[in-house]
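Undergrad: Input file: work24.csv. Contents: CSV, C-alpha atoms.
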```csv
chain,number,residue,atom,x,y,z
A,228,MET,CA,43.9,-13.3,82.7
A,229,THR,CA,43.9,-10.3,80.5
A,230,MET,CA,41.8,-7.2,81.1
A,231,LYS,CA,38.7,-6.5,79.1
A,232,TYR,CA,39.0,-4.0,76.2
A,233,SER,CA,36.4,-1.7,77.7
A,234,LYS,CA,33.5,-1.6,80.2
A,235,LEU,CA,30.4,-3.5,79.1
A,236,ARG,CA,28.0,-1.4,77.2
A,237,PHE,CA,24.2,-1.4,78.0
A,238,TYR,CA,23.4,-3.8,75.2
A,239,GLU,CA,26.1,-6.2,76.1
A,240,LYS,CA,25.4,-6.1,79.9
A,241,TYR,CA,21.6,-6.2,79.9
A,242,VAL,CA,20.2,-7.1,76.5
A,243,LYS,CA,22.4,-9.5,74.6
A,244,ARG,CA,22.2,-12.6,77.0
A,245,PRO,CA,18.3,-12.5,77.4
A,246,LEU,CA,17.9,-11.9,73.7
A,247,ASP,CA,20.2,-14.9,73.0
A,248,CYS,CA,18.0,-17.1,75.2
A,249,VAL,CA,14.8,-16.0,73.4
A,250,LEU,CA,16.3,-16.5,70.0
A,251,ALA,CA,17.9,-19.9,70.9
A,252,VAL,CA,14.7,-21.3,72.5
A,253,GLY,CA,12.6,-20.1,69.6
A,254,ALA,CA,15.0,-21.6,67.1
A,255,LEU,CA,15.1,-24.9,69.0
A,256,VAL,CA,11.3,-25.1,69.0
A,257,VAL,CA,11.0,-24.2,65.3
A,258,LEU,CA,13.9,-26.4,64.1
A,259,SER,CA,13.2,-29.4,66.4
A,260,PRO,CA,11.6,-31.4,63.6
A,261,VAL,CA,14.7,-30.8,61.5
A,262,MET,CA,17.0,-31.8,64.3
A,263,VAL,CA,15.1,-35.0,64.9
A,264,VAL,CA,15.4,-35.9,61.2
A,265,VAL,CA,19.1,-35.1,61.1
A,266,ALA,CA,19.6,-37.1,64.3
A,267,VAL,CA,17.9,-40.1,62.8
A,268,LEU,CA,20.0,-39.8,59.6
A,269,VAL,CA,23.2,-39.5,61.5
A,270,ARG,CA,22.4,-42.6,63.5
A,271,ILE,CA,21.6,-44.6,60.3
A,272,LYS,CA,24.5,-43.3,58.2
A,273,LEU,CA,27.2,-42.8,60.8
A,274,GLY,CA,26.2,-44.8,63.8
A,275,SER,CA,26.4,-43.7,67.4
A,276,PRO,CA,27.0,-41.5,69.2
A,277,ILE,CA,24.8,-39.0,67.3
A,278,LEU,CA,26.5,-36.0,68.9
A,279,PHE,CA,30.1,-34.9,68.6
A,280,ILE,CA,31.1,-33.4,72.0
A,281,GLN,CA,34.4,-31.6,72.4
A,282,ASP,CA,35.9,-29.3,75.0
A,283,ARG,CA,36.2,-25.6,73.9
A,284,PRO,CA,37.3,-22.5,75.7
A,285,GLY,CA,34.5,-20.0,76.4
A,286,LEU,CA,34.0,-16.7,78.3
A,287,ASN,CA,37.1,-15.9,80.2
A,288,GLU,CA,38.7,-19.1,78.9
A,289,LYS,CA,36.4,-21.3,80.9
A,290,VAL,CA,36.2,-24.7,79.2
A,291,PHE,CA,32.8,-26.0,78.2
A,292,GLN,CA,31.5,-29.0,76.1
A,293,LEU,CA,30.5,-28.0,72.6
A,294,TYR,CA,27.7,-30.0,71.0
A,295,LYS,CA,27.5,-30.7,67.3
A,296,PHE,CA,25.9,-33.4,65.1
A,297,ARG,CA,28.5,-36.0,64.2
A,298,THR,CA,29.8,-35.7,60.6
A,299,MET,CA,32.5,-38.4,60.5
A,300,THR,CA,32.7,-42.1,60.8
A,301,ASP,CA,34.9,-44.0,63.3
A,302,GLU,CA,36.9,-45.8,60.6
A,303,ARG,CA,40.3,-47.0,61.9
A,304,ASP,CA,43.4,-48.7,60.4
A,305,LYS,CA,44.6,-52.2,61.3
A,306,ASP,CA,46.4,-50.8,64.4
A,307,GLY,CA,43.2,-49.2,65.7
A,308,ASN,CA,44.2,-45.6,64.9
A,309,LEU,CA,41.5,-43.3,63.4
A,310,LEU,CA,41.9,-42.7,59.7
A,311,SER,CA,42.4,-39.2,58.3
A,312,ASP,CA,39.5,-36.7,58.5
A,313,ASP,CA,39.3,-36.7,54.7
A,314,ILE,CA,38.5,-40.4,54.6
A,315,ARG,CA,36.1,-40.4,57.6
A,316,LEU,CA,34.2,-37.3,56.3
A,317,THR,CA,31.4,-38.9,54.2
A,318,LYS,CA,29.3,-37.2,51.5
A,319,PHE,CA,26.5,-37.0,54.1
A,320,GLY,CA,28.8,-35.3,56.6
A,321,ARG,CA,29.9,-32.8,54.0
A,322,ILE,CA,26.3,-31.9,53.3
A,323,LEU,CA,25.7,-31.4,57.1
A,324,ARG,CA,28.7,-29.1,57.3
A,325,SER,CA,28.0,-27.1,54.1
A,326,THR,CA,24.4,-26.4,55.2
A,327,SER,CA,25.5,-25.8,58.8
A,328,LEU,CA,23.0,-28.4,60.0
A,329,ASP,CA,25.7,-29.9,62.2
A,330,GLU,CA,25.8,-26.7,64.2
A,331,LEU,CA,22.2,-26.9,65.4
A,332,PRO,CA,22.9,-28.6,68.7
A,333,GLU,CA,24.9,-25.5,69.7
A,334,LEU,CA,21.5,-23.9,70.4
A,335,ILE,CA,21.6,-26.0,73.6
A,336,ASN,CA,25.0,-24.4,74.4
A,337,ILE,CA,23.5,-21.0,74.0
A,338,ILE,CA,20.6,-21.7,76.3
A,339,LYS,CA,23.0,-23.1,78.9
A,340,GLY,CA,25.0,-19.9,78.8
A,341,ASP,CA,28.2,-21.5,77.3
A,342,MET,CA,27.8,-19.6,74.0
A,343,ALA,CA,26.0,-16.6,72.4
A,344,VAL,CA,24.3,-16.4,69.0
A,345,ILE,CA,26.9,-13.9,67.9
A,346,GLY,CA,30.6,-14.0,68.9
A,347,PRO,CA,34.0,-15.4,68.0
A,348,ARG,CA,33.8,-19.0,67.1
A,349,PRO,CA,35.1,-21.3,69.9
A,350,LEU,CA,38.4,-22.8,68.9
A,351,LEU,CA,40.3,-25.9,70.2
A,352,THR,CA,41.6,-25.8,73.7
A,353,GLU,CA,45.0,-27.1,72.5
A,354,TYR,CA,45.6,-23.7,70.8
A,355,LEU,CA,45.3,-21.7,74.1
A,356,PRO,CA,49.1,-21.8,74.9
A,357,PHE,CA,49.8,-20.2,71.5
A,358,TYR,CA,47.6,-17.1,71.9
A,359,THR,CA,49.3,-13.7,72.3
A,360,GLU,CA,48.0,-11.5,75.1
A,361,GLU,CA,46.1,-9.4,72.5
A,362,GLU,CA,44.5,-12.5,71.0
A,363,ARG,CA,43.3,-13.8,74.4
A,364,HIS,CA,40.8,-10.9,74.4
A,365,ARG,CA,38.6,-12.9,72.1
A,366,HIS,CA,37.5,-14.7,75.3
A,367,ASP,CA,36.3,-11.4,76.8
A,368,VAL,CA,32.9,-12.3,75.3
A,369,ARG,CA,31.0,-15.6,75.0
A,370,PRO,CA,31.9,-17.5,71.8
A,371,GLY,CA,29.2,-17.5,69.2
A,372,LEU,CA,27.3,-19.7,66.8
A,373,THR,CA,28.4,-17.3,64.1
A,374,GLY,CA,30.6,-14.3,64.1
A,375,TRP,CA,32.2,-11.4,62.4
A,376,ALA,CA,35.0,-13.6,60.9
A,377,GLN,CA,32.5,-16.1,59.6
A,378,ILE,CA,30.6,-13.5,57.5
A,379,ASN,CA,33.9,-12.1,56.2
A,380,GLY,CA,35.0,-15.3,54.6
A,381,ARG,CA,33.5,-18.0,56.9
A,382,ASN,CA,35.8,-21.1,56.8
A,383,ALA,CA,37.3,-19.9,53.5
A,384,VAL,CA,39.4,-17.3,55.5
A,385,ASN,CA,42.8,-19.1,55.6
A,386,SER,CA,44.9,-16.7,57.7
A,387,TRP,CA,44.8,-17.3,61.5
A,388,GLU,CA,45.8,-13.7,62.1
A,389,GLU,CA,43.0,-12.4,59.8
A,390,ARG,CA,40.4,-14.4,61.7
A,391,PHE,CA,41.6,-13.1,65.0
A,392,ASN,CA,41.7,-9.6,63.8
A,393,TYR,CA,38.0,-9.9,62.9
A,394,ASP,CA,37.3,-11.5,66.3
A,395,LEU,CA,39.1,-8.7,68.2
A,396,GLU,CA,37.3,-6.1,66.1
A,397,TYR,CA,34.0,-7.6,67.2
A,398,VAL,CA,35.0,-7.7,70.8
A,399,ARG,CA,35.9,-4.0,70.8
A,400,ASN,CA,32.6,-3.1,69.1
A,401,VAL,CA,29.8,-5.3,70.4
A,402,SER,CA,26.5,-3.7,69.5
A,403,PHE,CA,22.9,-4.7,68.6
A,404,ILE,CA,23.3,-3.3,65.1
A,405,LYS,CA,26.5,-5.3,64.5
A,406,ASP,CA,24.9,-8.5,65.9
A,407,LEU,CA,21.9,-8.0,63.7
A,408,LYS,CA,24.0,-7.5,60.6
A,409,ILE,CA,26.1,-10.6,61.4
A,410,LEU,CA,22.9,-12.7,61.9
A,411,LEU,CA,21.3,-11.6,58.7
A,412,LEU,CA,24.5,-12.0,56.6
A,413,THR,CA,25.0,-15.5,58.2
A,414,VAL,CA,21.5,-16.6,57.1
A,415,TYR,CA,22.2,-15.2,53.6
A,416,LYS,CA,25.5,-17.0,53.3
A,417,VAL,CA,24.1,-20.3,54.7
A,418,VAL,CA,21.2,-20.2,52.2
A,419,LYS,CA,23.5,-19.3,49.4
A,420,ARG,CA,26.1,-21.7,50.7
A,421,SER,CA,28.9,-19.3,49.9
A,422,ASP,CA,32.5,-18.9,51.3
A,423,ILE,CA,32.4,-22.5,52.7
A,424,GLN,CA,35.4,-24.7,53.1
A,425,VAL,CA,34.5,-28.1,54.5
A,426,GLY,CA,36.8,-29.2,57.2
A,427,LYS,CA,38.0,-28.0,60.7
A,428,GLU,CA,36.7,-24.7,61.7
A,429,SER,CA,39.4,-24.2,64.2
A,430,GLY,CA,42.1,-22.9,61.9
A,431,ASN,CA,45.6,-24.5,61.6
A,432,ARG,CA,47.9,-22.1,63.3
A,433,VAL,CA,50.1,-24.8,64.8
A,434,CYS,CA,50.7,-26.3,61.4
A,435,GLN,CA,51.1,-22.9,59.6
A,436,ASN,CA,53.7,-21.7,62.0
A,437,LYS,CA,55.3,-25.1,62.7
A,438,TRP,CA,55.0,-24.7,66.5
```
Render the structure in this file as structure tokens.

TA:
Amino acid sequence: MTMKYSKLRFYEKYVKRPLDCVLAVGALVVLSPVMVVVAVLVRIKLGSPILFIQDRPGLNEKVFQLYKFRTMTDERDKDGNLLSDDIRLTKFGRILRSTSLDELPELINIIKGDMAVIGPRPLLTEYLPFYTEEERHRHDVRPGLTGWAQINGRNAVNSWEERFNYDLEYVRNVSFIKDLKILLLTVYKVVKRSDIQVGKESGNRVCQNKW
């Protein structure tokens, strides 16, 4: 395991986690009616299960189960294999993703301690073997519901290296002011629905570099 970039600052050590819990619980209470409506619509339009659950690496690369609302169908070909994402991603699913409503169950992950409100987005576990020692520092902090890379292009940022540079810049400079800036800009971008590319959030390094 790689060493942390630096010692934990006061905010990161004593304030960030309690503040995350307060924000997540508050958001869960306020948004619970919205989540109920989305859950019902997912059940009607996409079937069950309502939640999409997937293993993701978290703090210190400890794997946890990420919760999201399901956005794709289970359509399969004649041999029982799942069809491509483009086919299974319905118009309703695209709306959930473009409005970030599919991310709301991650509030539970924040309350459980798997995630933070702000931090590098949790990627797929299958990418772990491809990280450089430097890139593994993104796991020195809890993954976030939103992060520095997301407000600097969100899913429209195509370069794996660019995303990681933003993540590592955040890890080196965790602060209340930076978290507040990211949170406010995230709300602005979600409302404006800008810099959005519907599809996998996890990047495509394996394909890009043909590993």

Undergrad: Give me the residues near stretch 373-377 of chain A as a ChimeraX atom specification, where near means some atom within 6 Å (using only C-alpha atoms) and where sequence neighbours in that chain fewer than 5 positions away do not count.

TA: /A:345-347,390,393

Undergrad: Quick one: residues within 10 Å of A:Leu355, all atoms listed in the file counted, chain neighbours fewer than 6 positions away excluded, as a short mmCIF file (atom, residue, chain, number, x, y, z; two decimals) with C-alpha atoms, in the frame of the given file?

TA:
```
data_model
loop_
_atom_site.label_atom_id
_atom_site.label_comp_id
_atom_site.auth_asym_id
_atom_site.auth_seq_id
_atom_site.Cartn_x
_atom_site.Cartn_y
_atom_site.Cartn_z
CA ARG A 283 36.20 -25.60 73.90
CA PRO A 284 37.30 -22.50 75.70
CA GLU A 288 38.70 -19.10 78.90
CA GLU A 362 44.50 -12.50 71.00
CA ARG A 363 43.30 -13.80 74.40
#
```

Undergrad: Of the residues A:Leu395, A:Val269, A:His364, A:Leu331, which is the one nearest to A:Val256, using all atoms listed in the file?

TA: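 Closest to A:Val256 of all the choices is A:Leu331.
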
Undergrad: I need the residue nearest A:Ala266 from this list: A:Leu328, A:Leu235, A:Ile314, A:Leu309. Use only C-alpha atoms for the distance.

TA: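 That would be A:Leu328, the residue with the smallest distance to A:Ala266.
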
Undergrad: Out of A:Val417, A:Val263, A:Val242, A:Val252, which residue has the shortest atom-to-atom distance to A:Val401 when counting all atoms listed in the file?

TA: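 Closest to A:Val401, using all atoms listed in the file: A:Val242.
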
Undergrad: What lies within 12 Å of A:Tyr241 using all atoms listed in the file, ignoring chain neighbours under 5 positions off, as a PyMOL selection string?

TA: chain A and resi 235-236+246-247+402-403

Undergrad: State, in Å with one decimal place, the distance from atom CA of A:Ile335 to atom CA of A:Leu293.

TA: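 Value for the atom CA of A:Ile335-atom CA of A:Leu293 distance: 9.2 Å.
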
Undergrad: List the neighbours of A:Met262 out to 12 Å using all atoms listed in the file; skip same-chain residues closer than 4 positions along the sequence, and give me the result as a PyMOL selection string.

TA: chain A and resi 254-258+266-269+277-278+295-296+323+327-335

Undergrad: Kindly export the residues of the current selection with C-alpha atoms, as a compact mmCIF listing (two decimals), in the coordinates of the input.

TA:
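Result file is selection26.txt:
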```txt
# COMPACT_ATOMS: atom_id res chain seq x y z
CA ALA A 254 15.00 -21.60 67.10
CA LEU A 255 15.10 -24.90 69.00
CA VAL A 256 11.30 -25.10 69.00
CA VAL A 257 11.00 -24.20 65.30
CA LEU A 258 13.90 -26.40 64.10
CA ALA A 266 19.60 -37.10 64.30
CA VAL A 267 17.90 -40.10 62.80
CA LEU A 268 20.00 -39.80 59.60
CA VAL A 269 23.20 -39.50 61.50
CA ILE A 277 24.80 -39.00 67.30
CA LEU A 278 26.50 -36.00 68.90
CA LYS A 295 27.50 -30.70 67.30
CA PHE A 296 25.90 -33.40 65.10
CA LEU A 323 25.70 -31.40 57.10
CA SER A 327 25.50 -25.80 58.80
CA LEU A 328 23.00 -28.40 60.00
CA ASP A 329 25.70 -29.90 62.20
CA GLU A 330 25.80 -26.70 64.20
CA LEU A 331 22.20 -26.90 65.40
CA PRO A 332 22.90 -28.60 68.70
CA GLU A 333 24.90 -25.50 69.70
CA LEU A 334 21.50 -23.90 70.40
CA ILE A 335 21.60 -26.00 73.60
```

Undergrad: Figure out the distance between atom CA of A:Phe319 and atom CA of A:Gly371, please, to one decimal in Å.

TA: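 Taking atom CA of A:Gly371 and atom CA of A:Phe319, their separation equals 24.8 Å.
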
Undergrad: Would you compute the distance between atom CA of A:Ile378 and atom CA of A:Glu396? Give it in Å to one decimal.

TA: 13.2 Å

Undergrad: Using all atoms listed in the file, which residue out of A:Leu273, A:Glu389, A:Leu410, A:Ala251 lies closest to A:Leu316?

TA: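 Smallest separation from A:Leu316 among the options: A:Leu273.
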
Undergrad: Which is closest to A:Ser275 among A:Ile337, A:Leu407, A:Met299, A:Cys248, if we use all atoms listed in the file?

TA: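 When distances to A:Ser275 are compared using all atoms listed in the file, the smallest one comes from A:Met299.
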